[in-house]
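Trainee: Next up is a structure, given as structure tokens.
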Amino acid sequence: MPDARLAAASTGLKEDELLAAVDLGSNSFHMIVARHTLGQLRVVDRLREQVRMGSGLTARGELTQEAMWRSLECLERMGQRLRTIPSNRVRAIATNTVRQLRNPQSFLIPGQTALGHRIEVVSGREEARLIYLGVAQGLPPRESRRLVIDIGGGSTEFIIGEGFEPLERESLQMGCIATTRRFFGTGRLSPKRWKEGLTEISAEFQQFAAVYRARGWKDAIGSSGTVKAIGGILKAMKLGRGEITPEGIARLRDSMLAFDDIDAIQLPDLSDERRSVIPGGLLVLEAAFNELGISRMQVAQTAMREGVLYDMQGRVGLRDPRDGSIDAMAKRYGVDTRQAGRVESTVLDLFDQVAADWRLGEDERHSLAWAARVHEIGQAIAHSQHHVHGAYVIEHSDIAGFSTQEQQFLAALVRAQRRNVPKTVLAGAGGRDPVTTLRCVMLLRLAVLLHRSHDPAGLPHIRARALERGLELEHPAAWLAQHPLSRADLVTEQGVLADIGLELQLA
């Protein structure tokens, strides 16, 4: 049976091939380029720019013009460095600020043009998975349980994991930019306001703190700019060798609150660019120490961008996390895996015959394989409208390894597998080109239709020829004569497809 995992293996990384990751954080944009050498990734270039995109997020869910221009200019500079790297070896990940935009495409379209590569938006929990992967790769191999906390500009991620596997993932809307604006928006500092902020932030931990404490961990590790900055300040204040403790946080807090205004803060090793957001970051960290009972925190040198690189390395080998997530979802909802396998085999066979003419690539092939494996998950809810139920589950679940756009595209394929094709699919789903989306929908619909009877005997070879606006299918005449239901379904499908501008010819 054709399998997307085998297709991925055939496109494995070559010696000395370059991979690149771009992390579009709420505070800073990071780019990292690494070379695949002797099975390892060796960093050859880095670029970091403080963009403060999160500071430009308005209450209406829009970016100010200044924040938009800062972001696009940075992406243009990064795009120049990435120009010679193939698109399938570059991943650009947008996080909290883009998640909160009322219309993410208002940033994604010009952003992708500036960068020259597609930008993926990930959920908070997917961001947490990538953070943990990056941090774990930068630490000595150890099977003991770890707590990782990453304080970003717009959100903070909390992960408990063992080895390279996350066990618990949470994301809260409390980054250094967001929290500073929330509690110190006027720029004024005071012990009273700090105490009020600590009380409010601490309350938000109640949704998961008990579960985390029950899980337990041996080592606590902090990652990204805020934690690195706090660790550096404490070291400069001779309050440790870079690690963070409750006593160090209390001393730093008191030193900070000795200043009445954020712009007046003067602390050893505190950079000018970090000064304006350090109060919110420290407030979140103090609350985390209090509510989770942390006694000591190490500072990691790696973060999400490294996690994205290692995730890419897995995607082009035999360890694509998305395969495991889809298989787990199929098992959870009791999917008939034999039927799903038959549909997957047929849809990939049709895909391989027309992909070149239709200019479909590896991403579309993977998506069709995954859609085939879970196209019946909605049956666990109800047979009636199961395609609608399945699409809802896919779009609104936490599926490890998938970006928001990938989940939207996968949900659209499952939703459009039968009956009417929604307007969202006609317009393109997950930021995909509408023509590409419709072509993938057509392939999946035909594969599902041809296996409607759940016949374990399978199908004879079906020849497919790409047309500009559809397909020509050629079945053995004897098979069609022996399967009148399939023939009637194909004739009905011709009419459904014609209504959305697609042509199905039966030879």
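By order of appearance in the structure tokens: chains A, B, ..., then residues from 1 within every chain, and ligands from 1 in the order shown.
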Determine, for each residue of region 344-463 of chain A having at least one atom at most 10 Å from an atom of region 98-112 of chain A, the closest pair of atoms and their separation in Å to one decimal, counting only C-alpha atoms; order by chain and ascending number, as a Markdown table.

Mentor:
| residue | atom | partner | partner_atom | distance |
| --- | --- | --- | --- | --- |
| A:Thr404 | CA | A:Arg99 | CA | 9.1 |
| A:Gly430 | CA | A:Gln105 | CA | 10.0 |
| A:Gly431 | CA | A:Gln105 | CA | 7.9 |

Trainee: Smallest atom-to-atom distance to Gly185 (chain A): which of A:Ile262, A:Leu490, A:Leu234, A:Leu485, using only C-alpha atoms?

Mentor: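 The shortest atom-to-atom distance to Gly185 (chain A) comes from A:Ile262.
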
Trainee: May I ask which of the residues A:Phe164, A:Trp479, A:Phe208, A:Phe29 is the closest one to Leu47 (chain A), counting only C-alpha atoms?

Mentor: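 Smallest separation from Leu47 (chain A) among the options: A:Phe29.
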
Trainee: Taking the DSSP assignment computed from this structure's backbone, write out as JSON, numbers by chain all residues of region 315-376 of chain A that belong to helix (DSSP H, G or I).

Mentor: {"A": [315, 321, 322, 323, 324, 325, 326, 327, 328, 329, 330, 331, 332, 337, 338, 339, 340, 341, 342, 343, 344, 345, 346, 347, 348, 349, 350, 351, 352, 353, 354, 355, 356, 357, 358, 362, 363, 364, 365, 366, 367, 368, 369, 370, 371, 372, 373, 374]}

Trainee: Write a file of the selected residues as a compact mmCIF listing (two decimals), in the first residue's frame, keeping N, CA and C atoms.

Mentor:
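As written to disk, selection.txt reads:
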# COMPACT_ATOMS: atom_id res chain seq x y z
N ARG A 315 10.60 15.01 9.94
CA ARG A 315 9.60 14.97 8.88
C ARG A 315 10.14 14.37 7.58
N PRO A 321 6.33 13.31 13.23
CA PRO A 321 5.37 13.21 14.35
C PRO A 321 3.93 13.28 13.89
N ARG A 322 3.69 13.84 12.72
CA ARG A 322 2.31 13.95 12.24
C ARG A 322 1.72 12.58 11.93
N ASP A 323 2.54 11.64 11.46
CA ASP A 323 2.04 10.29 11.22
C ASP A 323 1.55 9.66 12.51
N GLY A 324 2.34 9.79 13.56
CA GLY A 324 1.93 9.22 14.84
C GLY A 324 0.67 9.86 15.38
N SER A 325 0.53 11.17 15.19
CA SER A 325 -0.66 11.87 15.68
C SER A 325 -1.91 11.42 14.94
N ILE A 326 -1.80 11.26 13.62
CA ILE A 326 -2.96 10.82 12.84
C ILE A 326 -3.33 9.39 13.21
N ASP A 327 -2.34 8.52 13.35
CA ASP A 327 -2.64 7.13 13.71
C ASP A 327 -3.27 7.05 15.10
N ALA A 328 -2.80 7.90 16.03
CA ALA A 328 -3.39 7.91 17.37
C ALA A 328 -4.83 8.40 17.32
N MET A 329 -5.10 9.38 16.48
CA MET A 329 -6.47 9.89 16.35
C MET A 329 -7.38 8.82 15.76
N ALA A 330 -6.89 8.10 14.76
CA ALA A 330 -7.69 7.03 14.15
C ALA A 330 -8.02 5.96 15.19
N LYS A 331 -7.05 5.63 16.02
CA LYS A 331 -7.28 4.62 17.06
C LYS A 331 -8.27 5.12 18.09
N ARG A 332 -8.11 6.39 18.49
CA ARG A 332 -8.98 6.96 19.53
C ARG A 332 -10.44 6.94 19.10
N THR A 337 -9.38 0.68 10.15
CA THR A 337 -8.09 0.96 9.51
C THR A 337 -7.93 0.24 8.17
N ARG A 338 -8.61 -0.89 8.00
CA ARG A 338 -8.51 -1.59 6.70
C ARG A 338 -9.22 -0.79 5.62
N GLN A 339 -10.38 -0.25 5.95
CA GLN A 339 -11.07 0.59 4.98
C GLN A 339 -10.28 1.87 4.71
N ALA A 340 -9.76 2.47 5.76
CA ALA A 340 -8.95 3.68 5.58
C ALA A 340 -7.74 3.39 4.71
N GLY A 341 -7.13 2.22 4.89
CA GLY A 341 -5.98 1.85 4.08
C GLY A 341 -6.34 1.69 2.61
N ARG A 342 -7.53 1.14 2.34
CA ARG A 342 -7.95 1.00 0.94
C ARG A 342 -8.14 2.37 0.29
N VAL A 343 -8.78 3.28 1.03
CA VAL A 343 -8.99 4.63 0.50
C VAL A 343 -7.66 5.34 0.30
N GLU A 344 -6.74 5.17 1.27
CA GLU A 344 -5.43 5.81 1.14
C GLU A 344 -4.67 5.29 -0.08
N SER A 345 -4.71 3.98 -0.28
CA SER A 345 -4.01 3.39 -1.42
C SER A 345 -4.53 3.95 -2.73
N THR A 346 -5.85 4.07 -2.84
CA THR A 346 -6.44 4.56 -4.09
C THR A 346 -6.17 6.04 -4.29
N VAL A 347 -6.32 6.84 -3.25
CA VAL A 347 -6.13 8.28 -3.43
C VAL A 347 -4.68 8.58 -3.78
N LEU A 348 -3.74 7.84 -3.21
CA LEU A 348 -2.33 8.08 -3.54
C LEU A 348 -1.99 7.59 -4.94
N ASP A 349 -2.64 6.51 -5.37
CA ASP A 349 -2.43 6.03 -6.74
C ASP A 349 -2.94 7.07 -7.74
N LEU A 350 -4.12 7.62 -7.50
CA LEU A 350 -4.65 8.67 -8.38
C LEU A 350 -3.74 9.90 -8.34
N PHE A 351 -3.30 10.26 -7.14
CA PHE A 351 -2.43 11.42 -6.98
C PHE A 351 -1.16 11.26 -7.80
N ASP A 352 -0.52 10.11 -7.69
CA ASP A 352 0.76 9.90 -8.38
C ASP A 352 0.61 9.98 -9.89
N GLN A 353 -0.57 9.68 -10.41
CA GLN A 353 -0.78 9.73 -11.86
C GLN A 353 -0.98 11.15 -12.39
N VAL A 354 -1.44 12.06 -11.53
CA VAL A 354 -1.78 13.40 -12.02
C VAL A 354 -0.97 14.52 -11.36
N ALA A 355 -0.15 14.19 -10.37
CA ALA A 355 0.52 15.23 -9.59
C ALA A 355 1.37 16.15 -10.44
N ALA A 356 2.12 15.60 -11.38
CA ALA A 356 3.01 16.43 -12.20
C ALA A 356 2.19 17.41 -13.05
N ASP A 357 1.15 16.93 -13.70
CA ASP A 357 0.33 17.80 -14.56
C ASP A 357 -0.42 18.85 -13.74
N TRP A 358 -0.81 18.49 -12.53
CA TRP A 358 -1.58 19.42 -11.68
C TRP A 358 -0.67 20.24 -10.76
N GLU A 362 4.64 17.40 -2.42
CA GLU A 362 4.77 16.51 -1.27
C GLU A 362 3.77 16.85 -0.17
N ASP A 363 3.54 18.15 0.08
CA ASP A 363 2.61 18.54 1.13
C ASP A 363 1.20 18.03 0.84
N GLU A 364 0.77 18.15 -0.41
CA GLU A 364 -0.57 17.69 -0.77
C GLU A 364 -0.68 16.17 -0.66
N ARG A 365 0.39 15.48 -1.03
CA ARG A 365 0.38 14.01 -0.94
C ARG A 365 0.23 13.56 0.51
N HIS A 366 1.02 14.18 1.39
CA HIS A 366 0.89 13.86 2.81
C HIS A 366 -0.53 14.13 3.30
N SER A 367 -1.08 15.29 2.96
CA SER A 367 -2.41 15.66 3.46
C SER A 367 -3.48 14.69 2.99
N LEU A 368 -3.40 14.24 1.75
CA LEU A 368 -4.38 13.28 1.25
C LEU A 368 -4.26 11.94 1.97
N ALA A 369 -3.02 11.51 2.23
CA ALA A 369 -2.84 10.25 2.97
C ALA A 369 -3.44 10.36 4.36
N TRP A 370 -3.17 11.46 5.05
CA TRP A 370 -3.70 11.64 6.41
C TRP A 370 -5.22 11.73 6.38
N ALA A 371 -5.76 12.47 5.41
CA ALA A 371 -7.22 12.61 5.31
C ALA A 371 -7.87 11.25 5.09
N ALA A 372 -7.25 10.41 4.28
CA ALA A 372 -7.80 9.08 4.03
C ALA A 372 -7.82 8.26 5.32
N ARG A 373 -6.76 8.38 6.14
CA ARG A 373 -6.68 7.58 7.35
C ARG A 373 -7.73 7.97 8.39
N VAL A 374 -8.18 9.21 8.35
CA VAL A 374 -9.15 9.66 9.38
C VAL A 374 -10.46 10.14 8.77

Trainee: Using only C-alpha atoms for the distances, tell me which of A:Arg81, A:Lys235, A:Arg146, A:Lys195 is nearest to Arg215 (chain A).

Mentor: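 Under the stated criterion, the closest residue is A:Arg146.
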
Trainee: Return the single residue from A:Ala250, A:Val308, A:Arg83, A:Arg359 that is closest to Glu126 (chain A), with distances computed using only C-alpha atoms.

Mentor: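 The answer is A:Val308, which sits nearest to Glu126 (chain A).
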
Trainee: Would you mind telling me which residue in A:Leu267, A:Leu13, A:Ile201, A:Met297 lies nearest to Glu247 (chain A) when using only C-alpha atoms?

Mentor: A:Met297

Trainee: Could you check how far CA of Arg439 (chain A) sits from CA of Gly458 (chain A), in Å to one decimal?

Mentor: 23.3 Å

Trainee: Which one is closest to Glu395 (chain A): A:Leu285, A:Ala92, A:Ala412, A:Ile149? Count only C-alpha atoms.

Mentor: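 Of A:Leu285, A:Ala92, A:Ala412, A:Ile149, the one nearest Glu395 (chain A), counting only C-alpha atoms, is A:Ala412.
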
Trainee: Would you list the contacts of Arg241 (chain A) as a ChimeraX atom specification, taking every protein, DNA or RNA residue within 12 Å and counting only C-alpha atoms, but skipping same-chain residues closer than 5 positions in sequence?

Mentor: /A:230-236,248,296-299

Trainee: Could you list, as a PyMOL selection string, every residue within 8 Å of Gln50 (chain A), counting only C-alpha atoms and ignoring same-chain residues fewer than 5 positions away?

Mentor: chain A and resi 27-29+273

Trainee: Could you dump the residues just selected with N, CA, C and O atoms as a PDB file, in the first residue's frame?

Mentor:
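Written file, selection28.pdb:
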ATOM      1  N   ASN A  27       7.914  39.131  20.552  1.00  0.00           N
ATOM      2  CA  ASN A  27       8.925  40.130  20.891  1.00  0.00           C
ATOM      3  C   ASN A  27      10.029  40.194  19.846  1.00  0.00           C
ATOM      4  O   ASN A  27      10.372  41.269  19.356  1.00  0.00           O
ATOM      5  N   SER A  28      10.574  39.034  19.482  1.00  0.00           N
ATOM      6  CA  SER A  28      11.688  38.987  18.535  1.00  0.00           C
ATOM      7  C   SER A  28      11.431  37.964  17.447  1.00  0.00           C
ATOM      8  O   SER A  28      10.721  36.982  17.659  1.00  0.00           O
ATOM      9  N   PHE A  29      12.044  38.198  16.281  1.00  0.00           N
ATOM     10  CA  PHE A  29      12.069  37.212  15.208  1.00  0.00           C
ATOM     11  C   PHE A  29      13.458  36.571  15.223  1.00  0.00           C
ATOM     12  O   PHE A  29      14.470  37.256  15.344  1.00  0.00           O
ATOM     13  N   GLU A 273      17.018  47.011  25.167  1.00  0.00           N
ATOM     14  CA  GLU A 273      15.850  46.474  24.472  1.00  0.00           C
ATOM     15  C   GLU A 273      15.004  45.580  25.379  1.00  0.00           C
ATOM     16  O   GLU A 273      13.807  45.421  25.156  1.00  0.00           O
TER      17      GLU A 273
END

Trainee: Set the distance at 12 Å and use only C-alpha atoms: which residues neighbour Trp194 (chain A) once local chain neighbours fewer than 2 positions away are removed? I'd like the list as a PyMOL selection string.

Mentor: chain A and resi 179-180+182-184+188-192+196-202+250+253-254+256-257+260+279-280+282-284+286-287

Trainee: Selected residues, N, CA, C and O atoms, written as a compact mmCIF listing (two decimals), in the first residue's frame, please.

Mentor:
# COMPACT_ATOMS: atom_id res chain seq x y z
N THR A 179 2.02 40.93 29.60
CA THR A 179 1.87 41.12 31.04
C THR A 179 2.34 42.52 31.47
O THR A 179 1.74 43.15 32.35
N THR A 180 3.40 43.01 30.84
CA THR A 180 3.85 44.38 31.15
C THR A 180 2.77 45.38 30.76
O THR A 180 2.46 46.32 31.53
N ARG A 182 -0.40 44.80 30.54
CA ARG A 182 -1.60 44.56 31.34
C ARG A 182 -1.51 45.21 32.71
O ARG A 182 -2.48 45.81 33.19
N PHE A 183 -0.35 45.11 33.36
CA PHE A 183 -0.24 45.58 34.74
C PHE A 183 0.57 46.86 34.91
O PHE A 183 0.45 47.54 35.93
N PHE A 184 1.39 47.18 33.93
CA PHE A 184 2.23 48.37 34.05
C PHE A 184 2.15 49.21 32.77
O PHE A 184 3.15 49.74 32.30
N ARG A 188 4.48 53.00 35.10
CA ARG A 188 4.77 53.19 36.52
C ARG A 188 4.89 51.84 37.23
O ARG A 188 4.17 50.89 36.93
N LEU A 189 5.81 51.77 38.19
CA LEU A 189 6.02 50.57 39.01
C LEU A 189 5.68 50.88 40.46
O LEU A 189 5.93 51.99 40.93
N SER A 190 5.12 49.89 41.14
CA SER A 190 4.85 50.05 42.58
C SER A 190 4.67 48.67 43.20
O SER A 190 4.17 47.75 42.54
N PRO A 191 5.05 48.50 44.47
CA PRO A 191 4.84 47.22 45.15
C PRO A 191 3.37 46.81 45.18
O PRO A 191 3.05 45.63 45.06
N LYS A 192 2.48 47.78 45.32
CA LYS A 192 1.06 47.47 45.36
C LYS A 192 0.59 46.87 44.03
O LYS A 192 -0.12 45.85 44.02
N GLU A 196 -0.84 43.04 43.21
CA GLU A 196 -2.12 42.80 42.52
C GLU A 196 -1.90 41.94 41.28
O GLU A 196 -2.68 41.01 41.00
N GLY A 197 -0.86 42.27 40.53
CA GLY A 197 -0.57 41.49 39.34
C GLY A 197 -0.21 40.06 39.67
O GLY A 197 -0.64 39.11 38.97
N LEU A 198 0.57 39.86 40.72
CA LEU A 198 0.96 38.51 41.12
C LEU A 198 -0.26 37.69 41.51
O LEU A 198 -0.35 36.50 41.18
N THR A 199 -1.21 38.31 42.18
CA THR A 199 -2.43 37.60 42.57
C THR A 199 -3.23 37.16 41.34
O THR A 199 -3.70 36.02 41.25
N GLU A 200 -3.38 38.07 40.38
CA GLU A 200 -4.15 37.74 39.17
C GLU A 200 -3.46 36.68 38.32
O GLU A 200 -4.10 35.74 37.83
N ILE A 201 -2.16 36.83 38.13
CA ILE A 201 -1.42 35.86 37.34
C ILE A 201 -1.44 34.49 38.01
O ILE A 201 -1.65 33.45 37.36
N SER A 202 -1.24 34.46 39.32
CA SER A 202 -1.22 33.20 40.05
C SER A 202 -2.54 32.45 39.91
O SER A 202 -2.58 31.21 39.83
N ALA A 250 13.24 37.20 44.31
CA ALA A 250 12.80 38.19 45.30
C ALA A 250 13.76 39.38 45.35
O ALA A 250 13.33 40.55 45.41
N ARG A 253 13.27 41.39 42.13
CA ARG A 253 12.01 42.13 42.19
C ARG A 253 12.15 43.38 43.05
O ARG A 253 11.73 44.48 42.65
N ASP A 254 12.75 43.24 44.22
CA ASP A 254 12.90 44.39 45.10
C ASP A 254 13.80 45.45 44.48
O ASP A 254 13.54 46.66 44.62
N MET A 256 14.14 46.00 41.33
CA MET A 256 13.40 46.62 40.23
C MET A 256 12.37 47.61 40.76
O MET A 256 12.20 48.71 40.21
N LEU A 257 11.70 47.24 41.82
CA LEU A 257 10.65 48.10 42.37
C LEU A 257 11.21 49.31 43.10
O LEU A 257 10.45 50.20 43.52
N ASP A 260 10.69 53.92 40.20
CA ASP A 260 9.27 54.26 40.06
C ASP A 260 8.76 54.09 38.64
O ASP A 260 7.55 54.01 38.42
N PRO A 279 9.65 43.77 33.50
CA PRO A 279 8.74 43.62 34.63
C PRO A 279 7.70 42.52 34.43
O PRO A 279 7.48 41.70 35.34
N GLY A 280 7.07 42.49 33.26
CA GLY A 280 6.06 41.46 33.00
C GLY A 280 6.66 40.07 33.00
O GLY A 280 6.06 39.12 33.52
N LEU A 282 9.36 38.99 34.64
CA LEU A 282 9.71 38.60 36.00
C LEU A 282 8.46 38.28 36.82
O LEU A 282 8.45 37.35 37.63
N LEU A 283 7.39 39.03 36.58
CA LEU A 283 6.14 38.77 37.29
C LEU A 283 5.61 37.38 36.98
O LEU A 283 5.20 36.63 37.88
N VAL A 284 5.63 36.99 35.71
CA VAL A 284 5.18 35.65 35.32
C VAL A 284 6.08 34.59 35.95
O VAL A 284 5.59 33.57 36.46
N GLU A 286 7.90 34.77 38.69
CA GLU A 286 7.68 34.67 40.14
C GLU A 286 6.40 33.87 40.43
O GLU A 286 6.38 33.01 41.33
N ALA A 287 5.35 34.14 39.67
CA ALA A 287 4.10 33.40 39.87
C ALA A 287 4.30 31.91 39.59
O ALA A 287 3.77 31.05 40.31

Trainee: With only C-alpha atoms as the counted atoms, please give the residues lying no more than 8 Å from Gly79 (chain A), apart from itself and same-chain residues fewer than 3 positions off, as a list in words.

Mentor: Leu75, Glu76, Leu82, Arg83, Ala114, Leu115, Gly116 and His117 of chain A

Trainee: Quick check for you: according to DSSP on this backbone, which residues of region 176-236 of chain A are classed as strand (DSSP E or B)? Reply as a list in words.

Mentor: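 Assigned to strand (DSSP E or B), within region 176-236 of chain A: Arg188, Asp219, Ala220, Ile221, Gly222 and Ser223 of chain A.
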
Trainee: Next, the residues of the selection above should be written as a compact mmCIF listing (two decimals), in the first residue's frame with C-alpha atoms.

Mentor:
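Result file is result.txt:
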# COMPACT_ATOMS: atom_id res chain seq x y z
CA ARG A 188 4.77 53.19 36.52
CA ASP A 219 14.79 19.44 36.79
CA ALA A 220 13.17 22.77 35.95
CA ILE A 221 14.47 24.54 32.85
CA GLY A 222 13.66 27.96 31.44
CA SER A 223 14.13 28.95 27.80
